[in-house]
file entry29.txt (compact mmCIF, C-alpha atoms)
# COMPACT_ATOMS: atom_id res chain seq x y z
CA MET A 1 -19.40 -9.52 -25.07
CA VAL A 2 -21.82 -9.06 -22.17
CA ALA A 3 -19.53 -11.00 -19.83
CA ASN A 4 -16.55 -8.88 -20.87
CA ARG A 5 -18.57 -5.71 -20.30
CA TYR A 6 -19.47 -6.84 -16.78
CA GLN A 7 -15.85 -7.74 -16.09
CA ARG A 8 -14.68 -4.31 -17.21
CA ALA A 9 -17.37 -2.65 -15.11
CA GLY A 10 -16.36 -4.75 -12.10
CA ARG A 11 -12.68 -3.85 -12.50
CA ALA A 12 -13.56 -0.17 -12.87
CA ALA A 13 -15.74 -0.26 -9.76
CA GLY A 14 -13.01 -2.05 -7.79
CA TRP A 15 -10.41 0.51 -8.86
CA LEU A 16 -12.73 3.40 -7.99
CA LEU A 17 -13.36 1.99 -4.51
CA MET A 18 -9.64 1.39 -3.95
CA ALA A 19 -8.68 4.88 -5.15
CA THR A 20 -11.44 6.58 -3.17
CA LEU A 21 -10.47 4.86 0.09
CA ALA A 22 -6.79 5.63 -0.49
CA LEU A 23 -7.48 9.31 -1.17
CA ILE A 24 -9.82 9.60 1.83
CA VAL A 25 -7.13 8.21 4.14
CA LEU A 26 -4.57 10.48 2.45
CA ALA A 27 -6.71 13.58 3.05
CA TYR A 28 -7.49 12.53 6.61
CA ALA A 29 -3.82 11.98 7.42
CA VAL A 30 -2.77 15.32 5.93
CA ILE A 31 -5.41 17.20 7.92
CA MET A 32 -4.53 15.39 11.15
CA LEU A 33 -0.82 16.05 10.66
CA VAL A 34 -1.26 19.72 9.85
CA THR A 35 -3.54 20.26 12.84
CA ARG A 36 -1.38 18.00 15.03
CA ALA A 37 -4.52 16.11 16.01
CA PHE A 38 -3.01 12.61 15.95
CA PRO A 39 -2.94 11.30 19.55
CA GLU A 40 0.39 9.64 18.73
CA GLN A 41 1.93 13.07 18.19
CA LEU A 42 1.62 13.72 21.92
CA GLN A 43 3.35 10.50 22.92
CA PRO A 44 6.99 10.62 24.04
CA SER A 45 7.99 8.01 21.44
CA PHE A 46 6.65 10.22 18.63
CA GLN A 47 8.36 13.31 19.92
CA ALA A 48 11.64 11.48 20.51
CA HIS A 49 11.65 10.06 16.96
CA SER A 50 9.78 12.78 15.09
CA LEU A 51 12.14 12.69 12.09
CA ALA A 52 11.70 8.93 11.54
CA ILE A 53 7.93 9.06 11.89
CA SER A 54 7.71 12.09 9.61
CA VAL A 55 9.78 10.26 6.97
CA HIS A 56 7.55 7.22 7.29
CA ILE A 57 4.34 9.22 7.04
CA GLY A 58 5.60 11.34 4.15
CA GLY A 59 6.63 8.30 2.11
CA SER A 60 3.41 6.47 2.91
CA LEU A 61 1.21 9.39 1.89
CA LEU A 62 2.93 9.74 -1.47
CA THR A 63 2.51 6.04 -2.23
CA LEU A 64 -1.21 6.31 -1.44
CA ALA A 65 -1.47 9.29 -3.78
CA LEU A 66 0.42 7.70 -6.68
CA GLY A 67 -0.33 4.00 -6.33
CA PRO A 68 -3.89 3.79 -7.69
CA PHE A 69 -2.98 5.69 -10.85
CA GLN A 70 -0.24 3.21 -11.73
CA PHE A 71 -3.03 0.72 -12.46
CA VAL A 72 -4.82 2.91 -15.01
CA ALA A 73 -4.25 1.33 -18.43
CA ARG A 74 -5.29 4.45 -20.35
CA LEU A 75 -2.74 6.58 -18.51
CA ARG A 76 0.01 4.03 -19.18
CA GLY A 77 -0.90 3.79 -22.84
CA ARG A 78 -1.21 7.52 -23.57
CA TYR A 79 1.47 8.84 -21.24
CA PRO A 80 4.14 6.14 -20.79
CA ALA A 81 6.80 8.63 -19.71
CA LEU A 82 4.51 9.98 -16.98
CA HIS A 83 3.79 6.42 -15.87
CA ARG A 84 7.50 5.67 -15.57
CA TRP A 85 8.23 8.84 -13.60
CA MET A 86 5.31 8.19 -11.30
CA GLY A 87 6.63 4.66 -10.86
CA ARG A 88 10.04 5.98 -9.89
CA ALA A 89 8.52 8.40 -7.39
CA TYR A 90 6.31 5.64 -5.99
CA LEU A 91 9.20 3.22 -5.42
CA VAL A 92 11.40 5.92 -3.87
CA SER A 93 8.50 6.70 -1.53
CA VAL A 94 8.22 3.01 -0.65
CA LEU A 95 11.93 2.97 0.20
CA VAL A 96 11.70 6.10 2.35
CA GLY A 97 8.42 5.16 4.03
CA GLY A 98 9.45 1.54 4.53
CA LEU A 99 12.75 2.39 6.20
CA GLY A 100 11.00 4.87 8.47
CA GLY A 101 8.32 2.31 9.29
CA LEU A 102 10.86 -0.40 10.02
CA TYR A 103 12.65 1.88 12.45
CA MET A 104 9.43 3.03 14.13
CA ALA A 105 8.05 -0.51 14.47
CA MET A 106 10.11 -1.05 17.60
CA PHE A 107 8.50 2.00 19.23
CA SER A 108 4.87 1.20 18.35
CA SER A 109 2.17 0.69 20.95
CA GLY A 110 1.00 -2.85 21.67
CA GLY A 111 4.16 -4.61 22.77
CA MET A 112 6.19 -7.22 20.92
CA VAL A 113 3.26 -8.58 18.89
CA ALA A 114 2.66 -5.13 17.40
CA HIS A 115 6.40 -4.49 16.95
CA LEU A 116 6.77 -7.69 14.92
CA GLY A 117 3.60 -7.06 12.94
CA PHE A 118 4.60 -3.58 11.83
CA ALA A 119 8.18 -4.68 11.20
CA GLY A 120 6.85 -7.49 9.00
CA LEU A 121 4.75 -5.01 7.06
CA ALA A 122 7.74 -2.72 6.51
CA LEU A 123 9.90 -5.63 5.33
CA ALA A 124 7.18 -6.91 2.98
CA TRP A 125 6.79 -3.40 1.58
CA LEU A 126 10.52 -2.89 1.06
CA LEU A 127 11.25 -6.34 -0.36
CA SER A 128 8.32 -6.40 -2.78
CA GLY A 129 9.30 -2.93 -4.02
CA ALA A 130 12.92 -3.99 -4.50
CA ILE A 131 11.91 -7.13 -6.42
CA ALA A 132 9.49 -5.14 -8.59
CA TYR A 133 12.23 -2.62 -9.38
CA ARG A 134 14.75 -5.34 -10.21
CA ALA A 135 12.23 -7.06 -12.48
CA ILE A 136 11.44 -3.93 -14.48
CA ARG A 137 15.12 -3.09 -14.85
CA ALA A 138 15.55 -6.56 -16.38
CA ARG A 139 12.44 -5.97 -18.54
CA ARG A 140 10.59 -8.87 -16.95
CA ILE A 141 7.24 -7.13 -17.34
CA ALA A 142 4.93 -9.87 -16.06
CA GLU A 143 7.05 -10.42 -12.96
CA HIS A 144 7.22 -6.67 -12.36
CA ARG A 145 3.46 -6.18 -12.45
CA ARG A 146 2.86 -9.14 -10.11
CA TRP A 147 5.23 -7.68 -7.54
CA MET A 148 3.73 -4.21 -7.93
CA VAL A 149 0.31 -5.66 -7.11
CA ARG A 150 1.78 -7.28 -4.00
CA ASN A 151 3.54 -4.05 -3.10
CA PHE A 152 0.40 -1.95 -3.35
CA ALA A 153 -1.42 -4.53 -1.25
CA ALA A 154 1.14 -3.69 1.46
CA THR A 155 0.72 0.04 0.78
CA PHE A 156 -3.04 -0.36 1.21
CA ALA A 157 -2.44 -1.42 4.83
CA ALA A 158 -2.68 2.31 5.61
CA VAL A 159 -6.34 2.04 4.59
CA THR A 160 -7.23 -1.37 5.99
CA LEU A 161 -5.69 -0.53 9.37
CA ARG A 162 -8.25 2.26 9.66
CA LEU A 163 -11.06 -0.08 8.64
CA TRP A 164 -10.07 -2.83 11.06
CA MET A 165 -9.65 -0.63 14.15
CA PRO A 166 -13.31 0.48 14.48
CA LEU A 167 -14.47 -3.06 13.68
CA LEU A 168 -12.34 -4.52 16.45
CA ILE A 169 -13.03 -1.81 19.03
CA ILE A 170 -16.64 -0.83 18.28
CA ALA A 171 -18.12 -3.96 16.70
CA ALA A 172 -16.08 -6.63 18.52
CA HIS A 173 -15.79 -4.61 21.77
CA LEU A 174 -12.08 -5.32 22.11
CA PRO A 175 -9.96 -2.98 24.23
CA PHE A 176 -7.31 -0.97 22.40
CA SER A 177 -4.58 -2.99 24.12
CA VAL A 178 -5.89 -6.11 22.37
CA ALA A 179 -7.09 -4.57 19.10
CA TYR A 180 -3.88 -2.74 18.22
CA PRO A 181 -1.54 -5.76 18.27
CA LEU A 182 -4.11 -7.65 16.18
CA VAL A 183 -4.42 -4.86 13.64
CA ALA A 184 -0.63 -4.75 13.28
CA TRP A 185 -1.08 -8.06 11.40
CA LEU A 186 -4.64 -7.77 10.09
CA ALA A 187 -3.82 -4.52 8.29
CA TRP A 188 -1.54 -6.23 5.76
CA VAL A 189 -1.52 -10.05 5.88
CA PRO A 190 -5.07 -10.46 4.45
CA ASN A 191 -4.22 -7.84 1.80
CA LEU A 192 -1.28 -9.90 0.58
CA VAL A 193 -3.30 -13.11 0.66
CA LEU A 194 -6.07 -11.53 -1.45
CA ALA A 195 -3.52 -10.07 -3.87
CA GLU A 196 -1.88 -13.46 -4.30
CA LEU A 197 -5.22 -15.18 -4.87
CA GLY A 198 -6.12 -12.57 -7.49
CA ILE A 199 -2.80 -12.95 -9.28
CA ARG A 200 -3.13 -16.74 -9.40
CA TYR A 201 -6.78 -16.59 -10.47
CA LEU A 202 -5.96 -14.36 -13.43
CA ALA A 203 -2.96 -16.52 -14.31
CA ARG A 204 -5.15 -19.65 -14.43
CA ARG A 205 -7.67 -17.88 -16.66
CA GLY A 206 -4.90 -16.60 -18.90
CA GLN A 207 -6.18 -13.04 -18.57
CA PRO A 208 -4.09 -9.86 -18.44
CA GLN A 209 -3.21 -9.13 -14.85
CA PRO A 210 -3.43 -5.76 -13.14
CA HIS A 211 -0.74 -3.30 -14.23
CA ALA A 212 -0.53 -5.03 -17.62
CA ARG A 213 0.74 -3.62 -20.91
CA LEU A 214 3.50 -1.32 -19.78
CA SER A 215 4.11 0.64 -22.94
CA GLY A 216 6.73 2.98 -24.24
CA GLY A 217 9.70 1.13 -22.80
CA ALA A 218 9.90 -0.98 -19.69
CA SER A 219 12.79 0.30 -17.66
CA LEU A 220 12.50 2.63 -14.74

call {"tool": "encode", "arguments": {"input": "entry29.txt", "output": "structure tokens"}}
result
Amino acid sequence: MVANRYQRAGRAAGWLLMATLALIVLAYAVIMLVTRAFPEQLQPSFQAHSLAISVHIGGSLLTLALGPFQFVARLRGRYPALHRWMGRAYLVSVLVGGLGGLYMAMFSSGGMVAHLGFAGLALAWLLSGAIAYRAIRARRIAEHRRWMVRNFAATFAAVTLRLWMPLLIIAAHLPFSVAYPLVAWLAWVPNLVLAELGIRYLARRGQPQPHARLSGGASL
């Protein structure tokens, strides 16, 4: 009983940290966009492809807003219809944001290393979302929740990118020209590795995995 209580407390604390960081980045991005304070907004590549970058940012912000709440078991249990509609909106946002990100990857700063890193992130985001959607349509619940965990790990790159950049530039004293290509990979590859390790750990222990017990019908 005590061990289970500590496990529940640990999961709650982990979710709270994840949701708080996601919402902080969401609020920061909205403020910066509204005030046009992003340095990238002054670059020719941004101005030349403003529609694509706006689509990418809009989709990404909505996934950050919705994603954490898809992991709340109480919400899924009490309001299954709301959970399904939020899931639909989340996956549509992944599609929109991922396509915009894939297009903009070729115009990112940092050269080919950064282009490939951000393109890889966009592809991982799109493919994991597509597989998760296909699984839930086929009512393969366990497979669906595993791929949703992987997908949100890719979504969370919006947060980890902003954690890695000050570490690389301020703590490691790397110039932006070196740090940015690195963060194009560090923002999402470790996220996916940690998500995969968590999924396999819970599978070995035979415990319910995150996003478990989809109730009230499985299809999106």

call {"tool": "residues_near_point", "arguments": {"input": "entry29.txt", "point": "(6.0, 4.1, 4.6)", "cutoff": "7 Å", "atoms": "all atoms listed in the file", "output": "NGL selection string"}}
result
:A and (56-57 or 59-60 or 94 or 96-98 or 100-101)

call {"tool": "residues_around", "arguments": {"input": "entry29.txt", "residues": "Arg146 (chain A)", "least_positions_apart": "3", "cutoff": "12 Å", "atoms": "only C-alpha atoms", "output": "number ranges by chain"}}
result
A: 71, 128-129, 131-133, 135-136, 140-143, 149-153, 192, 195-200, 202-203, 208-212

call {"tool": "atom_distance", "arguments": {"input": "entry29.txt", "atom1": "CA of Pro190 (chain A)", "atom2": "CA of Ala172 (chain A)"}}
result
18.3 Å

call {"tool": "atom_distance", "arguments": {"input": "entry29.txt", "atom1": "CA of Leu121 (chain A)", "atom2": "CA of Tyr180 (chain A)"}}
result
14.3 Å

call {"tool": "atom_distance", "arguments": {"input": "entry29.txt", "atom1": "CA of Ile53 (chain A)", "atom2": "CA of Thr20 (chain A)"}}
result
24.7 Å

call {"tool": "build_atoms", "arguments": {"input": "entry29.txt", "residues": "region 104-140 of chain A", "atoms": "N, CA and C atoms", "output": "PDB file, in the coordinates of the input"}}
result
ATOM      1  N   MET A 104      10.447   2.678  13.149  1.00  0.00           N
ATOM      2  CA  MET A 104       9.430   3.030  14.130  1.00  0.00           C
ATOM      3  C   MET A 104       8.678   1.830  14.671  1.00  0.00           C
ATOM      4  N   ALA A 105       8.778   0.672  14.010  1.00  0.00           N
ATOM      5  CA  ALA A 105       8.050  -0.510  14.470  1.00  0.00           C
ATOM      6  C   ALA A 105       8.426  -0.874  15.903  1.00  0.00           C
ATOM      7  N   MET A 106       9.672  -0.673  16.263  1.00  0.00           N
ATOM      8  CA  MET A 106      10.110  -1.050  17.600  1.00  0.00           C
ATOM      9  C   MET A 106       9.586  -0.103  18.682  1.00  0.00           C
ATOM     10  N   PHE A 107       9.024   1.041  18.263  1.00  0.00           N
ATOM     11  CA  PHE A 107       8.500   2.000  19.230  1.00  0.00           C
ATOM     12  C   PHE A 107       6.969   2.061  19.203  1.00  0.00           C
ATOM     13  N   SER A 108       6.326   1.166  18.462  1.00  0.00           N
ATOM     14  CA  SER A 108       4.870   1.200  18.350  1.00  0.00           C
ATOM     15  C   SER A 108       4.212   0.755  19.644  1.00  0.00           C
ATOM     16  N   SER A 109       2.953   1.164  19.817  1.00  0.00           N
ATOM     17  CA  SER A 109       2.170   0.690  20.950  1.00  0.00           C
ATOM     18  C   SER A 109       1.809  -0.779  20.739  1.00  0.00           C
ATOM     19  N   GLY A 110       1.495  -1.485  21.816  1.00  0.00           N
ATOM     20  CA  GLY A 110       1.000  -2.850  21.670  1.00  0.00           C
ATOM     21  C   GLY A 110       1.988  -3.941  21.963  1.00  0.00           C
ATOM     22  N   GLY A 111       3.207  -3.587  22.362  1.00  0.00           N
ATOM     23  CA  GLY A 111       4.160  -4.610  22.770  1.00  0.00           C
ATOM     24  C   GLY A 111       4.799  -5.342  21.596  1.00  0.00           C
ATOM     25  N   MET A 112       5.400  -6.485  21.907  1.00  0.00           N
ATOM     26  CA  MET A 112       6.190  -7.220  20.920  1.00  0.00           C
ATOM     27  C   MET A 112       5.355  -7.713  19.740  1.00  0.00           C
ATOM     28  N   VAL A 113       4.112  -8.116  19.992  1.00  0.00           N
ATOM     29  CA  VAL A 113       3.260  -8.580  18.890  1.00  0.00           C
ATOM     30  C   VAL A 113       3.075  -7.475  17.857  1.00  0.00           C
ATOM     31  N   ALA A 114       2.814  -6.255  18.316  1.00  0.00           N
ATOM     32  CA  ALA A 114       2.660  -5.130  17.400  1.00  0.00           C
ATOM     33  C   ALA A 114       3.986  -4.766  16.746  1.00  0.00           C
ATOM     34  N   HIS A 115       5.079  -4.794  17.522  1.00  0.00           N
ATOM     35  CA  HIS A 115       6.400  -4.490  16.950  1.00  0.00           C
ATOM     36  C   HIS A 115       6.695  -5.412  15.767  1.00  0.00           C
ATOM     37  N   LEU A 116       6.472  -6.710  15.973  1.00  0.00           N
ATOM     38  CA  LEU A 116       6.770  -7.690  14.920  1.00  0.00           C
ATOM     39  C   LEU A 116       5.823  -7.538  13.738  1.00  0.00           C
ATOM     40  N   GLY A 117       4.559  -7.228  14.028  1.00  0.00           N
ATOM     41  CA  GLY A 117       3.600  -7.060  12.940  1.00  0.00           C
ATOM     42  C   GLY A 117       3.952  -5.897  12.044  1.00  0.00           C
ATOM     43  N   PHE A 118       4.257  -4.757  12.628  1.00  0.00           N
ATOM     44  CA  PHE A 118       4.600  -3.580  11.830  1.00  0.00           C
ATOM     45  C   PHE A 118       5.970  -3.729  11.162  1.00  0.00           C
ATOM     46  N   ALA A 119       6.887  -4.406  11.831  1.00  0.00           N
ATOM     47  CA  ALA A 119       8.180  -4.680  11.200  1.00  0.00           C
ATOM     48  C   ALA A 119       8.006  -5.597   9.994  1.00  0.00           C
ATOM     49  N   GLY A 120       7.133  -6.601  10.126  1.00  0.00           N
ATOM     50  CA  GLY A 120       6.850  -7.490   9.000  1.00  0.00           C
ATOM     51  C   GLY A 120       6.242  -6.756   7.832  1.00  0.00           C
ATOM     52  N   LEU A 121       5.342  -5.828   8.116  1.00  0.00           N
ATOM     53  CA  LEU A 121       4.750  -5.010   7.060  1.00  0.00           C
ATOM     54  C   LEU A 121       5.820  -4.183   6.356  1.00  0.00           C
ATOM     55  N   ALA A 122       6.688  -3.539   7.119  1.00  0.00           N
ATOM     56  CA  ALA A 122       7.740  -2.720   6.510  1.00  0.00           C
ATOM     57  C   ALA A 122       8.659  -3.558   5.641  1.00  0.00           C
ATOM     58  N   LEU A 123       9.027  -4.755   6.115  1.00  0.00           N
ATOM     59  CA  LEU A 123       9.900  -5.630   5.330  1.00  0.00           C
ATOM     60  C   LEU A 123       9.203  -6.106   4.056  1.00  0.00           C
ATOM     61  N   ALA A 124       7.932  -6.480   4.167  1.00  0.00           N
ATOM     62  CA  ALA A 124       7.180  -6.910   2.980  1.00  0.00           C
ATOM     63  C   ALA A 124       7.079  -5.782   1.966  1.00  0.00           C
ATOM     64  N   TRP A 125       6.897  -4.574   2.446  1.00  0.00           N
ATOM     65  CA  TRP A 125       6.790  -3.400   1.580  1.00  0.00           C
ATOM     66  C   TRP A 125       8.117  -3.131   0.875  1.00  0.00           C
ATOM     67  N   LEU A 126       9.197  -3.159   1.636  1.00  0.00           N
ATOM     68  CA  LEU A 126      10.520  -2.890   1.060  1.00  0.00           C
ATOM     69  C   LEU A 126      10.945  -3.981   0.085  1.00  0.00           C
ATOM     70  N   LEU A 127      10.778  -5.238   0.476  1.00  0.00           N
ATOM     71  CA  LEU A 127      11.250  -6.340  -0.360  1.00  0.00           C
ATOM     72  C   LEU A 127      10.449  -6.449  -1.652  1.00  0.00           C
ATOM     73  N   SER A 128       9.132  -6.313  -1.564  1.00  0.00           N
ATOM     74  CA  SER A 128       8.320  -6.400  -2.780  1.00  0.00           C
ATOM     75  C   SER A 128       8.641  -5.247  -3.728  1.00  0.00           C
ATOM     76  N   GLY A 129       8.902  -4.055  -3.176  1.00  0.00           N
ATOM     77  CA  GLY A 129       9.300  -2.930  -4.020  1.00  0.00           C
ATOM     78  C   GLY A 129      10.639  -3.158  -4.686  1.00  0.00           C
ATOM     79  N   ALA A 130      11.594  -3.722  -3.934  1.00  0.00           N
ATOM     80  CA  ALA A 130      12.920  -3.990  -4.500  1.00  0.00           C
ATOM     81  C   ALA A 130      12.839  -5.035  -5.613  1.00  0.00           C
ATOM     82  N   ILE A 131      12.038  -6.076  -5.400  1.00  0.00           N
ATOM     83  CA  ILE A 131      11.910  -7.130  -6.420  1.00  0.00           C
ATOM     84  C   ILE A 131      11.213  -6.575  -7.667  1.00  0.00           C
ATOM     85  N   ALA A 132      10.186  -5.749  -7.452  1.00  0.00           N
ATOM     86  CA  ALA A 132       9.490  -5.140  -8.590  1.00  0.00           C
ATOM     87  C   ALA A 132      10.435  -4.250  -9.394  1.00  0.00           C
ATOM     88  N   TYR A 133      11.265  -3.493  -8.701  1.00  0.00           N
ATOM     89  CA  TYR A 133      12.230  -2.620  -9.380  1.00  0.00           C
ATOM     90  C   TYR A 133      13.256  -3.450 -10.158  1.00  0.00           C
ATOM     91  N   ARG A 134      13.768  -4.495  -9.534  1.00  0.00           N
ATOM     92  CA  ARG A 134      14.750  -5.340 -10.210  1.00  0.00           C
ATOM     93  C   ARG A 134      14.150  -5.991 -11.453  1.00  0.00           C
ATOM     94  N   ALA A 135      12.886  -6.401 -11.348  1.00  0.00           N
ATOM     95  CA  ALA A 135      12.230  -7.060 -12.480  1.00  0.00           C
ATOM     96  C   ALA A 135      12.064  -6.093 -13.657  1.00  0.00           C
ATOM     97  N   ILE A 136      11.659  -4.847 -13.374  1.00  0.00           N
ATOM     98  CA  ILE A 136      11.440  -3.930 -14.480  1.00  0.00           C
ATOM     99  C   ILE A 136      12.767  -3.499 -15.099  1.00  0.00           C
ATOM    100  N   ARG A 137      13.806  -3.410 -14.305  1.00  0.00           N
ATOM    101  CA  ARG A 137      15.120  -3.090 -14.850  1.00  0.00           C
ATOM    102  C   ARG A 137      15.595  -4.191 -15.811  1.00  0.00           C
ATOM    103  N   ALA A 138      15.203  -5.436 -15.511  1.00  0.00           N
ATOM    104  CA  ALA A 138      15.550  -6.560 -16.380  1.00  0.00           C
ATOM    105  C   ALA A 138      14.517  -6.788 -17.475  1.00  0.00           C
ATOM    106  N   ARG A 139      13.519  -5.895 -17.551  1.00  0.00           N
ATOM    107  CA  ARG A 139      12.440  -5.970 -18.540  1.00  0.00           C
ATOM    108  C   ARG A 139      11.607  -7.246 -18.422  1.00  0.00           C
ATOM    109  N   ARG A 140      11.488  -7.745 -17.209  1.00  0.00           N
ATOM    110  CA  ARG A 140      10.590  -8.870 -16.950  1.00  0.00           C
ATOM    111  C   ARG A 140       9.241  -8.276 -16.546  1.00  0.00           C
TER     112      ARG A 140
END
